[in-house]
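Structure file target-v4.txt with compact mmCIF, C-alpha atoms:
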# COMPACT_ATOMS: atom_id res chain seq x y z
CA MET Q 1 0.00 0.00 0.00
CA LYS Q 2 1.24 3.48 -0.84
CA ASN Q 3 1.90 6.02 1.84
CA GLN Q 4 -0.44 8.95 1.51
CA LEU Q 5 1.25 12.28 1.92
CA SER Q 6 -0.68 15.29 3.05
CA THR Q 7 0.27 18.49 1.25
CA ASN Q 8 -0.97 21.93 2.08
CA ILE Q 9 -0.95 24.31 -0.84
CA VAL Q 10 -0.60 27.90 0.21
CA ILE Q 11 -1.23 30.62 -2.34
CA THR Q 12 0.56 33.74 -1.20
CA GLY Q 13 0.63 35.79 -4.35
CA ASP Q 14 0.39 39.55 -4.46
CA SER Q 15 -0.64 41.36 -7.59
CA ALA Q 16 -0.66 45.06 -8.28
CA THR Q 17 -1.65 46.66 -11.56
CA VAL Q 18 -1.75 50.17 -12.92
CA THR Q 19 -4.13 50.74 -15.82
CA LYS Q 20 -5.19 53.80 -17.73
CA ASN Q 21 -8.96 54.06 -17.97
CA CYS Q 22 -10.37 56.06 -20.87
CA GLY Q 23 -13.86 54.65 -20.57
CA THR Q 24 -16.35 56.00 -23.08
CA SER Q 25 -15.07 59.57 -22.96
CA SER Q 26 -12.15 60.99 -24.91
CA ASP Q 27 -10.59 62.20 -21.65
CA CYS Q 28 -7.98 59.59 -20.72
CA ASN Q 29 -6.63 61.05 -17.50
CA THR Q 30 -8.02 58.44 -15.10
CA PHE Q 31 -5.74 55.76 -13.69
CA ILE Q 32 -6.78 52.69 -11.70
CA ILE Q 33 -4.49 51.02 -9.20
CA THR Q 34 -5.67 47.55 -8.24
CA TYR Q 35 -4.05 45.48 -5.50
CA ARG Q 36 -4.88 41.96 -4.38
CA ASN Q 37 -3.23 39.69 -1.83
CA LEU Q 38 -4.50 36.11 -1.88
CA ALA Q 39 -2.82 35.24 1.41
CA THR Q 40 -4.86 37.92 3.22
CA ASN Q 41 -1.97 38.68 5.56
CA ASN Q 42 -1.73 42.48 5.22
CA SER Q 43 -2.51 44.92 8.00
CA SER Q 44 -2.00 47.94 5.73
CA VAL Q 45 -0.78 48.85 2.25
CA LYS Q 46 0.69 52.24 1.45
CA PHE Q 47 1.43 53.27 -2.09
CA THR Q 48 3.36 56.29 -3.22
CA LEU Q 49 3.44 57.61 -6.77
CA TYR Q 50 6.72 59.27 -7.79
CA ASN Q 51 7.72 61.46 -10.70
CA GLY Q 52 11.47 60.91 -10.43
CA THR Q 53 12.10 61.66 -6.75
CA THR Q 54 9.09 63.98 -6.34
CA THR Q 55 6.11 62.49 -4.52
CA LEU Q 56 2.90 63.06 -6.47
CA LEU Q 57 0.39 60.96 -4.55
CA THR Q 58 0.31 58.92 -1.37
CA TYR Q 59 -2.49 56.63 -0.20
CA THR Q 60 -2.73 54.16 2.69
CA GLU Q 61 -5.35 51.41 2.76
CA SER Q 62 -5.98 49.84 6.16
CA THR Q 63 -9.70 48.98 5.96
CA THR Q 64 -9.42 46.28 3.27
CA PRO Q 65 -5.65 46.07 2.64
CA ASP Q 66 -5.81 42.69 0.88
CA ASN Q 67 -8.11 43.69 -1.95
CA PHE Q 68 -8.67 47.29 -3.00
CA THR Q 69 -8.96 49.55 -6.02
CA TYR Q 70 -7.89 53.18 -6.06
CA ILE Q 71 -8.99 55.48 -8.88
CA PHE Q 72 -7.39 58.89 -9.38
CA ASP Q 73 -7.49 61.68 -11.93
CA ALA Q 74 -4.06 62.61 -13.29
CA THR Q 75 -5.00 66.08 -14.56
CA THR Q 76 -3.98 67.69 -11.28
CA LEU Q 77 -0.73 65.71 -11.06
CA ASP Q 78 2.48 66.80 -12.77
CA PHE Q 79 3.28 63.90 -15.12
CA ASN Q 80 6.25 65.45 -16.92
CA ALA Q 81 8.50 62.39 -16.84
CA ASP Q 82 8.73 59.50 -19.28
CA VAL Q 83 8.66 56.93 -16.46
CA LEU Q 84 6.64 57.15 -13.26
CA THR Q 85 7.20 54.93 -10.22
CA LEU Q 86 4.57 53.29 -8.03
CA ARG Q 87 6.05 52.08 -4.74
CA LEU Q 88 3.93 49.70 -2.65
CA GLU Q 89 4.84 49.26 1.00
CA LYS Q 90 2.97 46.27 2.41
CA THR Q 91 2.87 45.84 6.17
CA ARG Q 92 2.08 42.23 7.03
CA THR Q 93 0.11 41.07 10.07
CA ASP Q 94 3.33 39.66 11.58
CA GLY Q 95 4.91 43.15 11.47
CA SER Q 96 7.22 42.57 8.50
CA THR Q 97 7.27 44.97 5.56
CA ASP Q 98 7.58 44.14 1.86
CA ILE Q 99 8.27 46.75 -0.79
CA GLU Q 100 7.33 46.38 -4.45
CA THR Q 101 8.07 48.83 -7.25
CA ILE Q 102 6.20 49.16 -10.54
CA TYR Q 103 7.29 51.45 -13.37
CA PHE Q 104 4.73 52.88 -15.79
CA THR Q 105 4.32 55.65 -18.32
CA PRO Q 106 1.66 58.36 -18.51
CA GLU Q 107 0.38 56.48 -21.58
CA GLY Q 108 -0.34 53.41 -19.44
CA ASP Q 109 2.58 51.05 -20.31
CA VAL Q 110 3.77 49.00 -17.32
CA GLY Q 111 7.06 47.29 -16.48
CA PHE Q 112 8.74 45.88 -13.41
CA LEU Q 113 12.34 46.92 -14.02
CA ASP Q 114 13.93 50.28 -14.74
CA PRO Q 115 14.13 50.46 -18.57
CA THR Q 116 17.51 52.23 -18.70
CA LEU Q 117 19.18 49.69 -16.44
CA VAL Q 118 17.54 46.80 -18.30
CA LEU Q 119 18.78 48.13 -21.64
CA ILE Q 120 22.34 48.49 -20.39
CA PHE Q 121 22.39 45.14 -18.60
CA SER Q 122 20.84 43.19 -21.48
CA PHE Q 123 23.26 44.78 -23.96
CA LEU Q 124 26.23 43.91 -21.73
CA LEU Q 125 24.89 40.39 -21.20
CA PHE Q 126 24.46 39.82 -24.92
CA ILE Q 127 27.74 41.36 -26.09
CA GLY Q 128 29.70 39.94 -23.16
CA GLY Q 129 28.17 36.49 -23.59
CA ILE Q 130 28.85 36.17 -27.31
CA THR Q 131 32.39 37.58 -27.12
CA LEU Q 132 33.52 35.28 -24.31
CA ALA Q 133 32.93 32.14 -26.34
CA THR Q 134 34.55 30.76 -29.46
CA ALA Q 135 32.81 31.25 -32.78
CA ARG Q 136 31.53 27.68 -32.70
CA PHE Q 137 29.71 28.26 -29.41
CA THR Q 138 28.73 31.86 -30.18
CA PHE Q 139 26.88 30.74 -33.29
CA GLY Q 140 25.61 27.61 -31.55
CA TRP Q 141 23.45 26.82 -28.55
CA PHE Q 142 25.42 29.06 -26.14
CA GLY Q 143 24.94 32.22 -28.20
CA ILE Q 144 21.28 31.48 -28.73
CA VAL Q 145 20.72 30.94 -24.98
CA ILE Q 146 22.52 34.19 -24.15
CA GLY Q 147 20.44 36.00 -26.79
CA PHE Q 148 17.19 34.65 -25.37
CA MET Q 149 18.23 35.62 -21.84
CA ALA Q 150 18.89 39.20 -22.97
CA LEU Q 151 15.59 39.26 -24.88
CA VAL Q 152 13.61 38.00 -21.88
CA LEU Q 153 15.30 40.59 -19.66
CA LEU Q 154 14.19 43.34 -22.03
CA SER Q 155 10.59 42.14 -21.81
CA PHE Q 156 10.42 43.10 -18.11
CA ALA Q 157 10.90 46.81 -18.85
CA VAL Q 158 8.40 49.45 -19.92
CA GLY Q 159 8.00 49.23 -23.69
CA PHE Q 160 9.64 52.43 -24.88
CA TRP Q 161 10.65 52.67 -28.52
CA TRP Q 162 14.29 52.04 -27.67
CA ILE Q 163 13.43 48.88 -25.70
CA THR Q 164 11.35 47.62 -28.65
CA PHE Q 165 14.18 48.57 -31.03
CA MET Q 166 16.70 46.60 -28.95
CA GLN Q 167 14.32 43.61 -28.87
CA GLY Q 168 14.19 43.76 -32.67
CA ILE Q 169 17.99 43.87 -32.88
CA MET Q 170 18.21 40.87 -30.53
CA MET Q 171 15.70 38.93 -32.65
CA ILE Q 172 17.67 39.68 -35.82
CA MET Q 173 20.87 38.51 -34.12
CA LEU Q 174 19.15 35.34 -32.88
CA ILE Q 175 17.89 34.55 -36.38
CA TYR Q 176 21.38 35.16 -37.77
CA MET Q 177 22.94 32.92 -35.11
CA GLY Q 178 20.42 30.20 -35.90
CA ILE Q 179 21.14 30.35 -39.64
CA VAL Q 180 24.92 30.29 -39.09
CA SER Q 181 24.56 27.44 -36.60
CA VAL Q 182 22.56 25.32 -39.06
CA ASN Q 183 25.02 26.08 -41.88
CA GLN Q 184 28.02 25.42 -39.64
CA GLU Q 185 26.98 22.19 -37.95
CA GLY Q 186 23.66 21.18 -39.42
CA VAL Q 187 22.14 21.12 -35.93
CA PHE Q 188 22.53 23.11 -32.74

Could you write out this file's structure as structure tokens?
Amino acid sequence: MKNQLSTNIVITGDSATVTKNCGTSSDCNTFIITYRNLATNNSSVKFTLYNGTTTLLTYTESTTPDNFTYIFDATTLDFNADVLTLRLEKTRTDGSTDIETIYFTPEGDVGFLDPTLVLIFSFLLFIGGITLATARFTFGWFGIVIGFMALVLLSFAVGFWWITFMQGIMMIMLIYMGIVSVNQEGVF
């Protein structure tokens, strides 16, 4: 007879989203911040909206900190930056604090990593990875893996034109590496 193992599955995911809500009107200045914690272990959630280092908006939810929606009008806020930062400070019921940062644009694009740092790091990863290997490995499985890693890293940033441009360059390089690899070896 098999031993039966008891397993408790605990879902502790947090999710926070920032969306731009145009609705039926042509005025698209309304943003919606939605937060949900499936573990229901928050005592309060404070979010702060930054334009660079300037605080634009601060809100603390302590009534229903595990599931709330905050709607605000951006016409009174000074959105003069390309990237805005939403910083969530979650105080748990055990007293610990978790901090989460979301980057977004006034147009409503969202990312989880700073786009400038992602661009620099993915470029260095790609160029450094393909130059450290011999030509056989650069145009083989190693180069393709490094290229995919750099491409995936770029997908975590806000989709500015220069991030999309770099993703296109990476895709072209990956296609080139794949063609050279097939011509060189016949397989990866």

Would you write out, as CSV, a table of all residues in stretch 81-129 of chain Q that have an atom no more than 10 Å from an atom of stretch 64-71 of chain Q, listing for each the closest atom pair and the distance in Å to one decimal, considering all atoms listed in the file and ordering rows by chain and rising residue number?
residue,atom,partner,partner_atom,distance
Q:Lys90,CA,Q:Pro65,CA,8.6
Q:Thr91,CA,Q:Pro65,CA,9.2
Q:Arg92,CA,Q:Pro65,CA,9.7

### Message
Rounded to one decimal, what separation in Å do you get between atom CA of Q:Glu107 and atom CA of Q:Gln167?
### Response
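Answer for the atom CA of Q:Glu107 to atom CA of Q:Gln167 separation: 20.3 Å.
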
### Query
Near Q:Thr101, within 8 Å and counting all atoms listed in the file, which residues show up once chain neighbours fewer than 3 positions away are dropped, as JSON, numbers by chain?
{"Q": [85, 86, 87, 88, 112]}

If you keep C-alpha atoms, can you produce a file of those selected residues as an mmCIF file, in the frame of the given file?
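So part-v3.cif came out as:
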data_model
loop_
_atom_site.group_PDB
_atom_site.id
_atom_site.type_symbol
_atom_site.label_atom_id
_atom_site.label_comp_id
_atom_site.auth_asym_id
_atom_site.auth_seq_id
_atom_site.Cartn_x
_atom_site.Cartn_y
_atom_site.Cartn_z
ATOM 1 C CA THR Q 85 7.200 54.930 -10.220
ATOM 2 C CA LEU Q 86 4.570 53.290 -8.030
ATOM 3 C CA ARG Q 87 6.050 52.080 -4.740
ATOM 4 C CA LEU Q 88 3.930 49.700 -2.650
ATOM 5 C CA PHE Q 112 8.740 45.880 -13.410
#

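Residue nearest Q:Ala16, chosen from Q:Glu100, Q:Asp109, Q:Asp114, Q:Asp82 and counting all atoms listed in the file: Q:Glu100.
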
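Contact shell of Q:Ile163 at 9 Å (all atoms listed in the file; same-chain neighbours under 2 positions omitted): Q:Pro115, Q:Thr116, Q:Val118, Q:Leu119, Q:Leu154, Q:Ser155, Q:Ala157, Q:Val158, Q:Gly159, Q:Phe160, Q:Trp161, Q:Phe165, Q:Met166, Q:Gln167, Q:Gly168.
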
### Task
May I have the residues within 12 Å of Q:Tyr176 as a list in words, using only C-alpha atoms and disregarding those fewer than 4 positions away in the same chain?
Thr138, Phe139, Gly140, Gly143, Ile144, Gly147, Ile169, Met170, Met171, Ile172, Val180, Ser181, Val182, Asn183 and Gln184 of chain Q

Let me see the file: selected residues, C-alpha atoms, as a PDB file, in the coordinates of the input.
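What ended up in out.pdb:
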ATOM      1  CA  THR Q 138      28.730  31.860 -30.180  1.00  0.00           C
ATOM      2  CA  PHE Q 139      26.880  30.740 -33.290  1.00  0.00           C
ATOM      3  CA  GLY Q 140      25.610  27.610 -31.550  1.00  0.00           C
ATOM      4  CA  GLY Q 143      24.940  32.220 -28.200  1.00  0.00           C
ATOM      5  CA  ILE Q 144      21.280  31.480 -28.730  1.00  0.00           C
ATOM      6  CA  GLY Q 147      20.440  36.000 -26.790  1.00  0.00           C
ATOM      7  CA  ILE Q 169      17.990  43.870 -32.880  1.00  0.00           C
ATOM      8  CA  MET Q 170      18.210  40.870 -30.530  1.00  0.00           C
ATOM      9  CA  MET Q 171      15.700  38.930 -32.650  1.00  0.00           C
ATOM     10  CA  ILE Q 172      17.670  39.680 -35.820  1.00  0.00           C
ATOM     11  CA  VAL Q 180      24.920  30.290 -39.090  1.00  0.00           C
ATOM     12  CA  SER Q 181      24.560  27.440 -36.600  1.00  0.00           C
ATOM     13  CA  VAL Q 182      22.560  25.320 -39.060  1.00  0.00           C
ATOM     14  CA  ASN Q 183      25.020  26.080 -41.880  1.00  0.00           C
ATOM     15  CA  GLN Q 184      28.020  25.420 -39.640  1.00  0.00           C
TER      16      GLN Q 184
END

### Query
Of the candidates Q:Phe47, Q:Trp141, Q:Phe156, Q:Phe79, which one gets nearest to Q:Gly108 if we count all atoms listed in the file?
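Closest to Q:Gly108 of all the choices is Q:Phe79.
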
### Interatomic distance (Å, one decimal) between atom CA of Q:Leu113 and atom CA of Q:Tyr59
22.5 Å

### Task
Excluding Q:Asn51 and residues on its chain fewer than 6 positions from it, collect all residues at most 8 Å away from it, counting all atoms listed in the file, and give them as a PyMOL selection string.
chain Q and resi 78-81+83-85

### Query
What does the distance between atom CA of Q:Ala150 and atom CA of Q:Thr105 come to in Å, to one decimal place?
22.5 Å

### Task
Taking (22.1, 39.5, -21.5) in the file's own coordinates, collect the residues within 7 Å, counting all atoms listed in the file, and hand them back as a PyMOL selection string.
chain Q and resi 121-126+146-147+149-150

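Neighbouring residues of Q:Asn29 at 10 Å or closer, counting only C-alpha atoms and skipping chain neighbours under 2 positions away, are Lys20, Asn21, Cys22, Ser26, Asp27, Phe31, Phe72, Asp73, Ala74, Thr75, Thr76, Leu77, Pro106 and Glu107 of chain Q.
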
### Message
My list of candidates is Q:Ile102, Q:Glu61, Q:Thr131, Q:Leu153. Which is closest to Q:Thr19 when distances are computed with only C-alpha atoms?
### Response
Q:Ile102

### Selected residue, from Q:Met177, Q:Ser43, Q:Ile33, Q:Leu151, that lies nearest to Q:Ser96 when counting all atoms listed in the file
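For Q:Ser96, the nearest of the candidates is Q:Ser43.
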